[in-house]
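Structure data follow from work.csv (CSV, N, CA and C atoms):
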```csv
chain,number,residue,atom,x,y,z
A,1,MET,N,-4.5,65.3,-62.2
A,1,MET,CA,-5.2,66.5,-62.6
A,1,MET,C,-4.7,67.1,-63.9
A,2,LYS,N,-5.6,67.5,-64.7
A,2,LYS,CA,-5.2,68.1,-66.0
A,2,LYS,C,-4.6,69.4,-65.9
A,3,GLU,N,-3.5,69.6,-66.6
A,3,GLU,CA,-2.8,70.9,-66.6
A,3,GLU,C,-3.5,71.9,-67.5
A,4,ASN,N,-3.6,73.1,-67.0
A,4,ASN,CA,-4.2,74.2,-67.9
A,4,ASN,C,-3.2,74.7,-68.8
A,5,LYS,N,-3.5,74.6,-70.1
A,5,LYS,CA,-2.5,75.0,-71.1
A,5,LYS,C,-2.3,76.5,-71.2
A,6,TYR,N,-3.2,77.3,-70.6
A,6,TYR,CA,-3.0,78.8,-70.7
A,6,TYR,C,-2.2,79.4,-69.6
A,7,ILE,N,-2.0,78.6,-68.5
A,7,ILE,CA,-1.2,79.2,-67.4
A,7,ILE,C,0.3,78.9,-67.6
A,8,GLU,N,1.0,79.9,-67.7
A,8,GLU,CA,2.5,79.8,-67.9
A,8,GLU,C,3.1,80.2,-66.6
A,9,LYS,N,4.3,79.7,-66.3
A,9,LYS,CA,5.0,80.0,-65.1
A,9,LYS,C,5.8,81.3,-65.2
A,10,GLN,N,6.1,81.6,-66.4
A,10,GLN,CA,7.0,82.8,-66.7
A,10,GLN,C,6.6,83.4,-68.1
A,11,LEU,N,6.3,84.7,-68.1
A,11,LEU,CA,6.0,85.3,-69.4
A,11,LEU,C,7.3,85.9,-70.0
A,12,THR,N,7.3,85.9,-71.3
A,12,THR,CA,8.5,86.5,-72.0
A,12,THR,C,8.4,88.0,-71.8
A,13,THR,N,9.5,88.7,-72.1
A,13,THR,CA,9.5,90.1,-72.1
A,13,THR,C,8.4,90.7,-73.0
A,14,GLN,N,8.2,90.2,-74.2
A,14,GLN,CA,7.2,90.6,-75.1
A,14,GLN,C,5.8,90.4,-74.6
A,15,GLN,N,5.6,89.2,-74.1
A,15,GLN,CA,4.2,88.9,-73.5
A,15,GLN,C,3.9,89.9,-72.4
A,16,THR,N,4.9,90.2,-71.5
A,16,THR,CA,4.7,91.1,-70.4
A,16,THR,C,4.4,92.5,-70.9
A,17,ALA,N,5.1,93.0,-71.9
A,17,ALA,CA,4.9,94.3,-72.5
A,17,ALA,C,3.5,94.4,-73.2
A,18,ASP,N,3.2,93.3,-73.9
A,18,ASP,CA,1.8,93.3,-74.6
A,18,ASP,C,0.7,93.3,-73.6
A,19,LEU,N,0.8,92.5,-72.5
A,19,LEU,CA,-0.2,92.4,-71.5
A,19,LEU,C,-0.4,93.7,-70.8
A,20,LEU,N,0.7,94.3,-70.4
A,20,LEU,CA,0.7,95.6,-69.7
A,20,LEU,C,0.0,96.7,-70.6
A,21,ASN,N,0.4,96.7,-71.9
A,21,ASN,CA,-0.2,97.6,-72.8
A,21,ASN,C,-1.7,97.4,-72.9
A,22,THR,N,-2.2,96.2,-73.0
A,22,THR,CA,-3.6,95.8,-73.1
A,22,THR,C,-4.3,96.3,-71.9
A,23,LEU,N,-3.7,96.0,-70.7
A,23,LEU,CA,-4.4,96.4,-69.4
A,23,LEU,C,-4.4,97.9,-69.3
A,24,LYS,N,-3.4,98.6,-69.7
A,24,LYS,CA,-3.4,100.0,-69.6
A,24,LYS,C,-4.5,100.6,-70.5
A,25,ILE,N,-4.6,100.1,-71.7
A,25,ILE,CA,-5.7,100.6,-72.6
A,25,ILE,C,-7.0,100.4,-72.0
A,26,ARG,N,-7.3,99.2,-71.5
A,26,ARG,CA,-8.6,98.9,-70.9
A,26,ARG,C,-8.8,99.8,-69.7
A,27,PHE,N,-7.8,100.0,-68.9
A,27,PHE,CA,-7.9,100.9,-67.7
A,27,PHE,C,-8.3,102.3,-68.1
A,28,GLU,N,-7.6,102.8,-69.1
A,28,GLU,CA,-8.0,104.2,-69.6
A,28,GLU,C,-9.3,104.3,-70.2
A,29,GLN,N,-9.8,103.2,-70.8
A,29,GLN,CA,-11.1,103.2,-71.5
A,29,GLN,C,-12.3,103.0,-70.5
A,30,ASN,N,-12.0,102.6,-69.3
A,30,ASN,CA,-13.0,102.3,-68.3
A,30,ASN,C,-12.8,102.9,-67.0
A,31,MET,N,-12.5,104.2,-67.0
A,31,MET,CA,-12.2,104.9,-65.8
A,31,MET,C,-13.3,104.9,-64.7
A,32,GLN,N,-14.5,104.6,-65.1
A,32,GLN,CA,-15.6,104.6,-64.2
A,32,GLN,C,-15.4,103.4,-63.2
A,33,ARG,N,-14.6,102.4,-63.5
A,33,ARG,CA,-14.4,101.3,-62.6
A,33,ARG,C,-13.3,101.6,-61.6
A,34,HIS,N,-12.5,102.6,-61.8
A,34,HIS,CA,-11.4,102.9,-60.9
A,34,HIS,C,-11.0,104.4,-60.9
A,35,LYS,N,-11.9,105.2,-60.6
A,35,LYS,CA,-11.8,106.7,-60.6
A,35,LYS,C,-10.6,107.2,-59.9
A,36,ALA,N,-10.3,106.7,-58.7
A,36,ALA,CA,-9.3,107.2,-57.8
A,36,ALA,C,-8.0,106.5,-57.9
A,37,MET,N,-7.8,105.7,-58.9
A,37,MET,CA,-6.6,104.9,-59.1
A,37,MET,C,-5.7,105.4,-60.2
A,38,GLN,N,-4.4,105.2,-60.1
A,38,GLN,CA,-3.4,105.6,-61.0
A,38,GLN,C,-2.8,104.4,-61.7
A,39,TRP,N,-2.7,104.4,-63.0
A,39,TRP,CA,-2.1,103.3,-63.7
A,39,TRP,C,-0.7,103.0,-63.3
A,40,SER,N,0.1,104.0,-63.2
A,40,SER,CA,1.5,103.9,-62.9
A,40,SER,C,1.7,103.0,-61.6
A,41,LYS,N,0.9,103.2,-60.6
A,41,LYS,CA,1.0,102.5,-59.3
A,41,LYS,C,0.6,101.0,-59.5
A,42,ILE,N,-0.4,100.8,-60.3
A,42,ILE,CA,-0.9,99.4,-60.6
A,42,ILE,C,0.2,98.7,-61.4
A,43,GLN,N,0.7,99.4,-62.4
A,43,GLN,CA,1.8,98.7,-63.3
A,43,GLN,C,3.0,98.3,-62.4
A,44,HIS,N,3.4,99.2,-61.5
A,44,HIS,CA,4.5,98.9,-60.7
A,44,HIS,C,4.3,97.7,-59.8
A,45,LYS,N,3.1,97.5,-59.3
A,45,LYS,CA,2.7,96.4,-58.5
A,45,LYS,C,2.7,95.1,-59.3
A,46,LEU,N,2.2,95.2,-60.6
A,46,LEU,CA,2.1,94.0,-61.5
A,46,LEU,C,3.5,93.6,-61.9
A,47,GLU,N,4.4,94.5,-62.2
A,47,GLU,CA,5.7,94.2,-62.7
A,47,GLU,C,6.5,93.4,-61.6
A,48,GLY,N,6.1,93.6,-60.3
A,48,GLY,CA,6.8,92.9,-59.3
A,48,GLY,C,6.2,91.6,-58.9
A,49,ASN,N,5.2,91.1,-59.6
A,49,ASN,CA,4.5,89.9,-59.2
A,49,ASN,C,4.2,89.1,-60.5
A,50,GLN,N,5.1,88.2,-60.8
A,50,GLN,CA,5.0,87.3,-62.0
A,50,GLN,C,3.8,86.4,-61.9
A,51,ASP,N,3.5,85.9,-60.8
A,51,ASP,CA,2.3,85.0,-60.6
A,51,ASP,C,1.0,85.7,-61.1
A,52,LYS,N,0.8,87.0,-60.6
A,52,LYS,CA,-0.4,87.7,-61.0
A,52,LYS,C,-0.4,88.0,-62.5
A,53,MET,N,0.8,88.3,-63.0
A,53,MET,CA,0.9,88.6,-64.5
A,53,MET,C,0.5,87.3,-65.3
A,54,CYS,N,1.0,86.2,-64.8
A,54,CYS,CA,0.6,84.9,-65.5
A,54,CYS,C,-0.9,84.7,-65.4
A,55,SER,N,-1.5,84.9,-64.3
A,55,SER,CA,-2.9,84.7,-64.2
A,55,SER,C,-3.7,85.7,-65.1
A,56,LEU,N,-3.3,86.9,-65.1
A,56,LEU,CA,-4.0,87.9,-66.0
A,56,LEU,C,-3.8,87.5,-67.5
A,57,HIS,N,-2.6,87.0,-67.8
A,57,HIS,CA,-2.3,86.6,-69.1
A,57,HIS,C,-3.2,85.4,-69.5
A,58,ALA,N,-3.4,84.5,-68.6
A,58,ALA,CA,-4.3,83.4,-68.9
A,58,ALA,C,-5.7,83.8,-69.1
A,59,MET,N,-6.2,84.8,-68.3
A,59,MET,CA,-7.5,85.4,-68.5
A,59,MET,C,-7.6,86.0,-69.9
A,60,GLU,N,-6.6,86.7,-70.3
A,60,GLU,CA,-6.7,87.3,-71.7
A,60,GLU,C,-6.7,86.2,-72.7
A,61,GLN,N,-5.8,85.1,-72.6
A,61,GLN,CA,-5.7,84.1,-73.6
A,61,GLN,C,-7.0,83.3,-73.7
A,62,THR,N,-7.9,83.3,-72.7
A,62,THR,CA,-9.1,82.5,-72.8
A,62,THR,C,-10.3,83.4,-73.2
A,63,GLY,N,-10.0,84.6,-73.6
A,63,GLY,CA,-11.0,85.5,-74.1
A,63,GLY,C,-11.6,86.5,-73.0
A,64,GLY,N,-11.0,86.5,-71.9
A,64,GLY,CA,-11.5,87.4,-70.8
A,64,GLY,C,-11.0,88.8,-71.0
A,65,GLU,N,-11.5,89.7,-70.2
A,65,GLU,CA,-11.1,91.1,-70.2
A,65,GLU,C,-10.8,91.6,-68.8
A,66,PRO,N,-9.7,91.1,-68.2
A,66,PRO,CA,-9.4,91.5,-66.8
A,66,PRO,C,-9.2,93.0,-66.7
A,67,ASP,N,-9.7,93.6,-65.6
A,67,ASP,CA,-9.5,95.0,-65.3
A,67,ASP,C,-9.5,95.2,-63.8
A,68,VAL,N,-8.8,96.2,-63.4
A,68,VAL,CA,-8.7,96.5,-61.9
A,68,VAL,C,-10.0,97.2,-61.5
A,69,VAL,N,-10.6,96.7,-60.4
A,69,VAL,CA,-11.9,97.2,-60.0
A,69,VAL,C,-11.8,97.7,-58.5
A,70,LEU,N,-10.8,97.4,-57.8
A,70,LEU,CA,-10.7,97.7,-56.4
A,70,LEU,C,-9.3,97.9,-55.9
A,71,HIS,N,-9.1,98.8,-55.0
A,71,HIS,CA,-7.8,98.9,-54.3
A,71,HIS,C,-8.0,98.7,-52.8
A,72,ASP,N,-7.4,97.7,-52.2
A,72,ASP,CA,-7.5,97.5,-50.8
A,72,ASP,C,-6.4,98.3,-50.2
A,73,HIS,N,-6.8,99.3,-49.5
A,73,HIS,CA,-5.8,100.3,-48.9
A,73,HIS,C,-5.1,99.7,-47.7
A,74,ILE,N,-5.7,98.7,-47.1
A,74,ILE,CA,-5.0,98.1,-45.9
A,74,ILE,C,-3.9,97.2,-46.4
A,75,THR,N,-4.1,96.4,-47.4
A,75,THR,CA,-3.0,95.5,-47.9
A,75,THR,C,-2.3,96.0,-49.1
A,76,ASP,N,-2.7,97.2,-49.6
A,76,ASP,CA,-2.2,97.8,-50.8
A,76,ASP,C,-2.2,96.8,-52.0
A,77,GLN,N,-3.3,96.1,-52.1
A,77,GLN,CA,-3.4,95.2,-53.2
A,77,GLN,C,-4.5,95.7,-54.2
A,78,TYR,N,-4.2,95.5,-55.5
A,78,TYR,CA,-5.2,95.9,-56.5
A,78,TYR,C,-6.0,94.6,-56.9
A,79,ILE,N,-7.3,94.7,-57.0
A,79,ILE,CA,-8.1,93.5,-57.3
A,79,ILE,C,-8.6,93.6,-58.7
A,80,PHE,N,-8.3,92.6,-59.5
A,80,PHE,CA,-8.8,92.5,-60.9
A,80,PHE,C,-9.9,91.5,-61.0
A,81,MET,N,-10.8,91.8,-61.9
A,81,MET,CA,-12.0,90.9,-62.2
A,81,MET,C,-12.1,90.9,-63.7
A,82,ASP,N,-12.7,89.8,-64.2
A,82,ASP,CA,-13.0,89.7,-65.6
A,82,ASP,C,-14.2,90.5,-65.9
A,83,CYS,N,-14.0,91.5,-66.7
A,83,CYS,CA,-15.1,92.5,-67.0
A,83,CYS,C,-15.7,92.3,-68.4
A,84,SER,N,-15.5,91.1,-69.0
A,84,SER,CA,-16.0,90.8,-70.3
A,84,SER,C,-17.6,90.9,-70.2
A,85,ILE,N,-18.2,91.3,-71.3
A,85,ILE,CA,-19.7,91.4,-71.3
A,85,ILE,C,-20.3,90.1,-71.1
A,86,GLU,N,-19.8,89.0,-71.7
A,86,GLU,CA,-20.3,87.7,-71.4
A,86,GLU,C,-19.2,86.7,-71.3
A,87,SER,N,-19.5,85.5,-70.7
A,87,SER,CA,-18.5,84.5,-70.5
A,87,SER,C,-17.8,84.1,-71.8
A,88,PRO,N,-16.5,84.2,-71.9
A,88,PRO,CA,-15.8,83.7,-73.1
A,88,PRO,C,-16.2,82.3,-73.4
A,89,SER,N,-16.2,82.0,-74.7
A,89,SER,CA,-16.7,80.7,-75.2
A,89,SER,C,-16.0,79.5,-74.6
A,90,GLY,N,-14.7,79.7,-74.3
A,90,GLY,CA,-13.9,78.6,-73.7
A,90,GLY,C,-14.3,78.3,-72.2
A,91,ARG,N,-15.1,79.1,-71.7
A,91,ARG,CA,-15.4,79.0,-70.2
A,91,ARG,C,-16.9,78.7,-70.0
A,92,ARG,N,-17.7,78.5,-71.1
A,92,ARG,CA,-19.1,78.4,-70.9
A,92,ARG,C,-19.6,77.0,-70.6
A,93,ARG,N,-19.0,76.0,-71.1
A,93,ARG,CA,-19.5,74.6,-70.8
A,93,ARG,C,-18.8,74.0,-69.7
A,94,LEU,N,-18.9,74.6,-68.5
A,94,LEU,CA,-18.2,74.1,-67.3
A,94,LEU,C,-19.2,74.0,-66.1
A,95,CYS,N,-18.9,73.1,-65.2
A,95,CYS,CA,-19.6,73.0,-64.0
A,95,CYS,C,-18.6,73.2,-62.9
A,96,TYR,N,-19.0,73.2,-61.6
A,96,TYR,CA,-18.1,73.5,-60.5
A,96,TYR,C,-17.1,72.4,-60.3
A,97,ASP,N,-17.5,71.1,-60.1
A,97,ASP,CA,-16.5,70.1,-59.7
A,97,ASP,C,-16.9,68.8,-60.4
A,98,ARG,N,-16.1,67.7,-60.2
A,98,ARG,CA,-16.3,66.4,-60.8
A,98,ARG,C,-17.7,65.8,-60.4
A,99,LYS,N,-18.1,66.0,-59.2
A,99,LYS,CA,-19.4,65.4,-58.7
A,99,LYS,C,-20.5,66.0,-59.6
A,100,ALA,N,-20.5,67.3,-59.8
A,100,ALA,CA,-21.5,67.9,-60.7
A,100,ALA,C,-21.3,67.5,-62.1
A,101,LEU,N,-20.1,67.3,-62.6
A,101,LEU,CA,-19.9,66.8,-63.9
A,101,LEU,C,-20.4,65.5,-64.2
A,102,TYR,N,-20.2,64.5,-63.2
A,102,TYR,CA,-20.6,63.2,-63.4
A,102,TYR,C,-22.1,63.0,-63.2
A,103,SER,N,-22.7,63.9,-62.4
A,103,SER,CA,-24.2,63.8,-62.1
A,103,SER,C,-25.0,64.3,-63.3
A,104,ARG,N,-24.5,65.1,-64.2
A,104,ARG,CA,-25.3,65.6,-65.3
A,104,ARG,C,-25.5,64.5,-66.3
A,105,LYS,N,-26.7,64.3,-66.7
A,105,LYS,CA,-27.0,63.3,-67.7
A,105,LYS,C,-27.3,63.9,-69.0
A,106,ALA,N,-28.1,65.0,-69.0
A,106,ALA,CA,-28.4,65.7,-70.3
A,106,ALA,C,-27.6,67.0,-70.3
A,107,HIS,N,-27.1,67.4,-71.5
A,107,HIS,CA,-26.4,68.7,-71.6
A,107,HIS,C,-25.1,68.7,-70.7
A,108,LYS,N,-24.4,67.6,-70.7
A,108,LYS,CA,-23.2,67.5,-69.9
A,108,LYS,C,-22.2,68.5,-70.2
A,109,PRO,N,-21.6,69.2,-69.2
A,109,PRO,CA,-20.5,70.2,-69.4
A,109,PRO,C,-19.3,69.5,-70.0
A,110,GLU,N,-18.4,70.2,-70.5
A,110,GLU,CA,-17.1,69.6,-71.1
A,110,GLU,C,-16.1,69.4,-70.0
A,111,ASN,N,-16.2,70.1,-68.9
A,111,ASN,CA,-15.2,70.0,-67.8
A,111,ASN,C,-15.7,70.7,-66.6
A,112,SER,N,-14.9,70.6,-65.5
A,112,SER,CA,-15.2,71.3,-64.3
A,112,SER,C,-14.2,72.4,-64.1
A,113,VAL,N,-14.7,73.4,-63.4
A,113,VAL,CA,-13.8,74.6,-63.0
A,113,VAL,C,-12.7,74.2,-62.2
A,114,LEU,N,-12.9,73.3,-61.2
A,114,LEU,CA,-11.8,72.9,-60.3
A,114,LEU,C,-10.8,72.1,-61.0
A,115,ASP,N,-11.2,71.3,-62.0
A,115,ASP,CA,-10.2,70.5,-62.8
A,115,ASP,C,-9.3,71.5,-63.6
A,116,LEU,N,-9.9,72.5,-64.2
A,116,LEU,CA,-9.2,73.5,-65.0
A,116,LEU,C,-8.2,74.3,-64.1
A,117,ALA,N,-8.7,74.6,-62.9
A,117,ALA,CA,-7.8,75.4,-62.0
A,117,ALA,C,-6.6,74.6,-61.6
```
structure tokens encoding of this file:
Amino acid sequence: MKENKYIEKQLTTQQTADLLNTLKIRFEQNMQRHKAMQWSKIQHKLEGNQDKMCSLHAMEQTGGEPDVVLHDHITDQYIFMDCSIESPSGRRRLCYDRKALYSRKAHKPENSVLDLA
């Protein structure tokens, strides 16, 4: 399986700070998505989960705009979604899996989502 060049196992201190700053700015600019949430609580949860930070960083690196849209009060988890206006260019020419990739004759996608994941 092809390795995704955007997913890192560990972010540097600078990458973490830059990502948190970007997410905070986006959070503050789009309060309609999360009216009852506080950034300080979200940041605290993110700082304790390197895997989620790496996933969010990969979304940013591929042109996405991840933003928190939901708080699950039962599990105390914050749910992020890509809120970009349109699919980033690096994600447009994809299909779901290899079967779909190989079955396309005209306008064949560049890759499949499952292979990238």
Practice prompt. Extract, using only N, CA and C atoms, all DNA, RNA and protein residues at most 7 Å from A:Gly64, discarding same-chain residues fewer than 5 positions from it, and format them as a list of chain:residue names.
Written response: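 After dropping sequence-adjacent residues, the list is A:Ala58, A:Met59, A:Asp82, A:Cys83, A:Ser84, A:Pro88.
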Discussion item. Env of A:Arg26: 8 Å cut, atoms = all atoms listed in the file, seq-sep filter 6 positions within chain, self excluded. Answer as a VMD selection string.
Written reply: chain A and resid 20 65 to 68
May I have the residues from that selection written out with N, CA and C atoms, as a compact mmCIF listing (two decimals), in the coordinates of the input?
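To be explicit, this is the file written out as result_32.txt:
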```txt
# COMPACT_ATOMS: atom_id res chain seq x y z
N LEU A 20 0.70 94.30 -70.40
CA LEU A 20 0.70 95.60 -69.70
C LEU A 20 0.00 96.70 -70.60
N GLU A 65 -11.50 89.70 -70.20
CA GLU A 65 -11.10 91.10 -70.20
C GLU A 65 -10.80 91.60 -68.80
N PRO A 66 -9.70 91.10 -68.20
CA PRO A 66 -9.40 91.50 -66.80
C PRO A 66 -9.20 93.00 -66.70
N ASP A 67 -9.70 93.60 -65.60
CA ASP A 67 -9.50 95.00 -65.30
C ASP A 67 -9.50 95.20 -63.80
N VAL A 68 -8.80 96.20 -63.40
CA VAL A 68 -8.70 96.50 -61.90
C VAL A 68 -10.00 97.20 -61.50
```
Practice prompt. Apply DSSP to the backbone of this structure and, from chain A, keep only the residues in alpha helix (DSSP H); write these as a ChimeraX atom specification.
Written response: /A:13-29,39-47,50-61,98-103,113-116
Worksheet item: Between A:Asp115, A:Glu28, A:Asp76, A:Asp51, which one has atoms that come closest to A:Cys95, using only C-alpha atoms?
Response: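 Under the stated criterion, the closest residue is A:Asp115.
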Worksheet item: Which of these residues is nearest to A:Gln32, using only N, CA and C atoms: A:Cys54, A:Ala17, A:Leu11, A:Val69?
Response: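 Answer, going by the shortest atom-to-atom distance: A:Val69.
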Worksheet item: So what do you get for atom C of A:His57 versus atom C of A:Lys99, distance-wise?
Response: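 One can read the atom C of A:His57 to atom C of A:Lys99 distance as 27.8 Å.
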Worksheet entry | Counting all atoms listed in the file, the option among A:Asn21, A:Gln43, A:Ser89, A:Asn111 closest to A:Thr62 |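 Smallest separation from A:Thr62 among the options: A:Ser89.
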Discussion item. Please return, as a list in words, all residues of chain A that DSSP assigns to strand (DSSP E or B) on the basis of the backbone.
Written reply: Pro66, Asp67, Val68, Val69, Leu70, His71, Asp72, Gln77, Tyr78, Ile79, Phe80, Met81, Asp82, Leu94, Cys95, Asn111 and Ser112 of chain A
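In this model, the gap between atom C of A:Ala36 and atom CA of A:Thr75 comes to 15.7 Å.
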Worksheet item: What does the distance between atom N of A:Ile74 and atom N of A:Lys24 come to in Å, to one decimal place?
Response: 22.7 Å
Fill in: Residue contacts of A:Leu70 (7 Å, only N, CA and C atoms) excluding same-chain residues fewer than 6 positions away, as a list of chain:residue names
A:Arg33, A:His34, A:Gln77, A:Tyr78, A:Ile79, A:Phe80, A:Met81
Worksheet item: What would the list of residues within 7 Å of (2.3, 85.6, -62.7) (file frame) look like as a list in words, if only N, CA and C atoms are what count?
Response: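 Every residue inside that radius is included here: Glu8, Lys9, Gln10, Leu11, Asn49, Gln50, Asp51, Lys52, Met53, Cys54, Ser55 and Leu56 of chain A.
Distance check against A:Arg98 using only N, CA and C atoms: of A:Thr22, A:Lys35, A:Val113, A:Gln29, the minimum falls on A:Val113.
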Practice prompt. Name all residues at most 12 Å from A:Ala100 (count only C-alpha atoms; drop same-chain ones fewer than 2 positions away) and give them as a VMD selection string.
Written response: chain A and resid 94 to 98 102 to 105 107 to 115
Practice prompt. Find, counting only C-alpha atoms, the residue in A:Glu47, A:Asp72, A:Ile42, A:Gln14 that gets nearest to A:Phe27.
Written response: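 Counting only C-alpha atoms, the residue closest to A:Phe27 is A:Ile42.
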